[in-house]
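*Asks:* Take a look at the following structure, please.
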Amino acid sequence: MPTSTKHANTRTRTRTRGTRSPRRWTCVGCEVTVRYGADADAPARPEGWAKRSGRWLCLHCRREQAVEKATAKGDDGWASRRQALVEFELRRSPNEPDGVIAKRANCSTGHVRKLRMQLREAGKLKAA
Ligand SMILES: [Zn+2]
């Protein structure tokens, strides 16, 4: 009498219903994963994520990279770090008011306003 029940173990196939399939992104930096179910209204990408040479980076890691790049030049720490954060946020969402950017970068609105003007003058930021 056979004791093995191998047939019961056959892999259950993931059913694809309709045109939508579950979407999933994994960040190469911190390995955080964002999932959307098949029924969910999945966006083209999670908020703030970007693809770099075929690999996804989450918003958090992109921030870290922007800051690291700015501070790797060997300047002072905190000031350039804060500046890099503001610049990153301004470029990511140029239409957000200064107050929102300030909150994200944890600095004053005056600082954001100043940097926004500087970036615009340097042609690094499109006028809203
Ligand atoms: Zn990440």
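If you're wondering about the labels, chains in the structure tokens are A, B, ... by order shown, residues count from 1 in each chain, ligands from 1 in order shown.
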Could you give me, as a tab-separated table, a per-residue list for chain A showing, wherever an atom lies at most 9 Å from an atom of ligand 1, the closest pair of atoms and their distance in Å to one decimal, using only C-alpha atoms and all ligand atoms and sorting by chain then residue number from low to high?

*Replies:*
```
residue	atom	partner	partner_atom_place_in_ligand_line	distance
A:Thr26	CA	ligand 1	1 (Zn)	8.0
A:Cys27	CA	ligand 1	1 (Zn)	4.7
A:Val28	CA	ligand 1	1 (Zn)	6.3
A:Gly29	CA	ligand 1	1 (Zn)	4.4
A:Cys30	CA	ligand 1	1 (Zn)	4.0
A:Glu31	CA	ligand 1	1 (Zn)	6.0
A:Val32	CA	ligand 1	1 (Zn)	5.8
A:Thr33	CA	ligand 1	1 (Zn)	8.6
A:Trp49	CA	ligand 1	1 (Zn)	8.7
A:Trp56	CA	ligand 1	1 (Zn)	8.2
A:Leu57	CA	ligand 1	1 (Zn)	5.4
A:Cys58	CA	ligand 1	1 (Zn)	4.2
A:Leu59	CA	ligand 1	1 (Zn)	6.6
A:His60	CA	ligand 1	1 (Zn)	5.5
A:Cys61	CA	ligand 1	1 (Zn)	4.3
A:Arg62	CA	ligand 1	1 (Zn)	7.3
A:Glu64	CA	ligand 1	1 (Zn)	8.9
```

*Asks:* Keeping only N, CA and C atoms, write the selected residues to a file as an mmCIF file, in the first residue's frame.

*Replies:*
```cif
data_model
loop_
_atom_site.group_PDB
_atom_site.id
_atom_site.type_symbol
_atom_site.label_atom_id
_atom_site.label_comp_id
_atom_site.auth_asym_id
_atom_site.auth_seq_id
_atom_site.Cartn_x
_atom_site.Cartn_y
_atom_site.Cartn_z
ATOM 1 N N THR A 26 9.931 45.636 -4.519
ATOM 2 C CA THR A 26 10.863 45.459 -3.416
ATOM 3 C C THR A 26 12.024 46.425 -3.599
ATOM 4 N N CYS A 27 12.332 47.139 -2.542
ATOM 5 C CA CYS A 27 13.417 48.113 -2.589
ATOM 6 C C CYS A 27 14.756 47.392 -2.474
ATOM 7 N N VAL A 28 15.711 47.750 -3.342
ATOM 8 C CA VAL A 28 17.025 47.101 -3.282
ATOM 9 C C VAL A 28 17.840 47.617 -2.093
ATOM 10 N N GLY A 29 17.460 48.785 -1.605
ATOM 11 C CA GLY A 29 18.211 49.373 -0.507
ATOM 12 C C GLY A 29 17.890 48.755 0.838
ATOM 13 N N CYS A 30 16.623 48.729 1.202
ATOM 14 C CA CYS A 30 16.247 48.274 2.542
ATOM 15 C C CYS A 30 15.338 47.048 2.497
ATOM 16 N N GLU A 31 15.054 46.581 1.286
ATOM 17 C CA GLU A 31 14.251 45.367 1.084
ATOM 18 C C GLU A 31 12.820 45.454 1.579
ATOM 19 N N VAL A 32 12.341 46.663 1.736
ATOM 20 C CA VAL A 32 10.939 46.821 2.082
ATOM 21 C C VAL A 32 10.116 46.456 0.844
ATOM 22 N N THR A 33 8.962 45.845 1.074
ATOM 23 C CA THR A 33 8.128 45.437 -0.048
ATOM 24 C C THR A 33 6.757 46.093 0.034
ATOM 25 N N TRP A 49 8.693 56.183 -5.135
ATOM 26 C CA TRP A 49 9.672 55.181 -5.556
ATOM 27 C C TRP A 49 10.221 55.533 -6.934
ATOM 28 N N TRP A 56 14.374 48.851 -8.061
ATOM 29 C CA TRP A 56 13.541 49.839 -7.387
ATOM 30 C C TRP A 56 14.169 50.332 -6.092
ATOM 31 N N LEU A 57 13.955 51.619 -5.864
ATOM 32 C CA LEU A 57 14.405 52.225 -4.618
ATOM 33 C C LEU A 57 13.223 52.935 -3.978
ATOM 34 N N CYS A 58 13.036 52.713 -2.681
ATOM 35 C CA CYS A 58 11.920 53.360 -2.002
ATOM 36 C C CYS A 58 12.264 54.816 -1.686
ATOM 37 N N LEU A 59 11.252 55.547 -1.296
ATOM 38 C CA LEU A 59 11.433 56.966 -1.016
ATOM 39 C C LEU A 59 12.479 57.191 0.064
ATOM 40 N N HIS A 60 12.422 56.375 1.078
ATOM 41 C CA HIS A 60 13.359 56.504 2.185
ATOM 42 C C HIS A 60 14.806 56.351 1.707
ATOM 43 N N CYS A 61 15.055 55.323 0.904
ATOM 44 C CA CYS A 61 16.409 55.077 0.411
ATOM 45 C C CYS A 61 16.848 56.154 -0.571
ATOM 46 N N ARG A 62 15.900 56.673 -1.347
ATOM 47 C CA ARG A 62 16.247 57.742 -2.276
ATOM 48 C C ARG A 62 16.677 58.973 -1.507
ATOM 49 N N GLU A 64 17.979 58.964 1.491
ATOM 50 C CA GLU A 64 19.282 58.660 2.070
ATOM 51 C C GLU A 64 20.388 58.854 1.036
#
```

*Asks:* Near Leu85 of chain A, counting only C-alpha atoms, which residues have an atom at most 7 Å away, once you skip same-chain residues fewer than 3 positions from it, shown as a PDB file with N, CA and C atoms, in the first residue's frame?

*Replies:*
```pdb
ATOM      1  N   ARG A  63      15.973  59.250  -0.419  1.00  0.00           N
ATOM      2  CA  ARG A  63      16.349  60.371   0.442  1.00  0.00           C
ATOM      3  C   ARG A  63      17.756  60.180   0.983  1.00  0.00           C
ATOM      4  N   VAL A  67      21.063  62.510   0.349  1.00  0.00           N
ATOM      5  CA  VAL A  67      21.787  63.112   1.460  1.00  0.00           C
ATOM      6  C   VAL A  67      23.235  62.640   1.470  1.00  0.00           C
ATOM      7  N   ARG A  81      23.328  68.340   4.789  1.00  0.00           N
ATOM      8  CA  ARG A  81      22.386  67.237   4.862  1.00  0.00           C
ATOM      9  C   ARG A  81      20.957  67.761   4.751  1.00  0.00           C
ATOM     10  N   ARG A  82      20.701  68.842   5.489  1.00  0.00           N
ATOM     11  CA  ARG A  82      19.374  69.436   5.474  1.00  0.00           C
ATOM     12  C   ARG A  82      19.095  70.035   4.103  1.00  0.00           C
ATOM     13  N   PHE A  88      15.950  67.616  -2.474  1.00  0.00           N
ATOM     14  CA  PHE A  88      15.351  66.361  -2.929  1.00  0.00           C
ATOM     15  C   PHE A  88      13.833  66.472  -2.940  1.00  0.00           C
ATOM     16  N   GLU A  89      13.285  66.991  -1.845  1.00  0.00           N
ATOM     17  CA  GLU A  89      11.830  67.101  -1.742  1.00  0.00           C
ATOM     18  C   GLU A  89      11.258  68.113  -2.723  1.00  0.00           C
ATOM     19  N   ALA A 105      11.396  67.831   5.396  1.00  0.00           N
ATOM     20  CA  ALA A 105      12.848  67.929   5.557  1.00  0.00           C
ATOM     21  C   ALA A 105      13.216  68.389   6.966  1.00  0.00           C
TER      22      ALA A 105
END
```

*Asks:* Just checking: using only C-alpha atoms, which residue out of A:Arg116, A:Val86, A:Arg92, A:Glu47 ends up closest to Arg104 of chain A?

*Replies:*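 Using only C-alpha atoms, the shortest distance to Arg104 of chain A belongs to A:Val86.
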
*Asks:* To one decimal in Å, tell me the separation between atom CA of Thr109 of chain A and atom CA of Lys124 of chain A.

*Replies:*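 If I compute the distance from atom CA of Thr109 of chain A to atom CA of Lys124 of chain A, I get 19.2 Å.
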
*Asks:* For the strand (DSSP E) assignment from backbone DSSP, which residues of segment 39-68 of chain A qualify? Please present them as a PyMOL selection string.

*Replies:* chain A and resi 50-52+55-57

*Asks:* Pull C-alpha atoms from the residues just selected and write them as a PDB file, in the first residue's frame.

*Replies:*
```
ATOM      1  CA  ALA A  50      12.009  55.292  -8.524  1.00  0.00           C
ATOM      2  CA  LYS A  51      13.691  52.790 -10.771  1.00  0.00           C
ATOM      3  CA  ARG A  52      17.451  53.010 -10.986  1.00  0.00           C
ATOM      4  CA  ARG A  55      16.056  48.146  -9.617  1.00  0.00           C
ATOM      5  CA  TRP A  56      13.541  49.839  -7.387  1.00  0.00           C
ATOM      6  CA  LEU A  57      14.405  52.225  -4.618  1.00  0.00           C
TER       7      LEU A  57
END
```

*Asks:* Rounded to one decimal in Å, what is the spacing between atom CA of Ser108 of chain A and atom CA of Ala79 of chain A?

*Replies:* 12.6 Å

*Asks:* Find the residues near Arg35 of chain A: any atom within 7 Å, counting only C-alpha atoms, skip ones fewer than 2 places away on the same chain, and give them as a ChimeraX atom specification.

*Replies:* /A:23-25,33,37

*Asks:* So that I have them on file, write out the residues from the current selection with C-alpha atoms, as a PDB file, in the first residue's frame.

*Replies:*
```
ATOM      1  CA  ARG A  23       1.668  44.162  -8.069  1.00  0.00           C
ATOM      2  CA  ARG A  24       4.697  44.072  -5.903  1.00  0.00           C
ATOM      3  CA  TRP A  25       7.787  46.203  -5.487  1.00  0.00           C
ATOM      4  CA  THR A  33       8.128  45.437  -0.048  1.00  0.00           C
ATOM      5  CA  GLY A  37      -3.769  43.024  -4.370  1.00  0.00           C
TER       6      GLY A  37
END
```
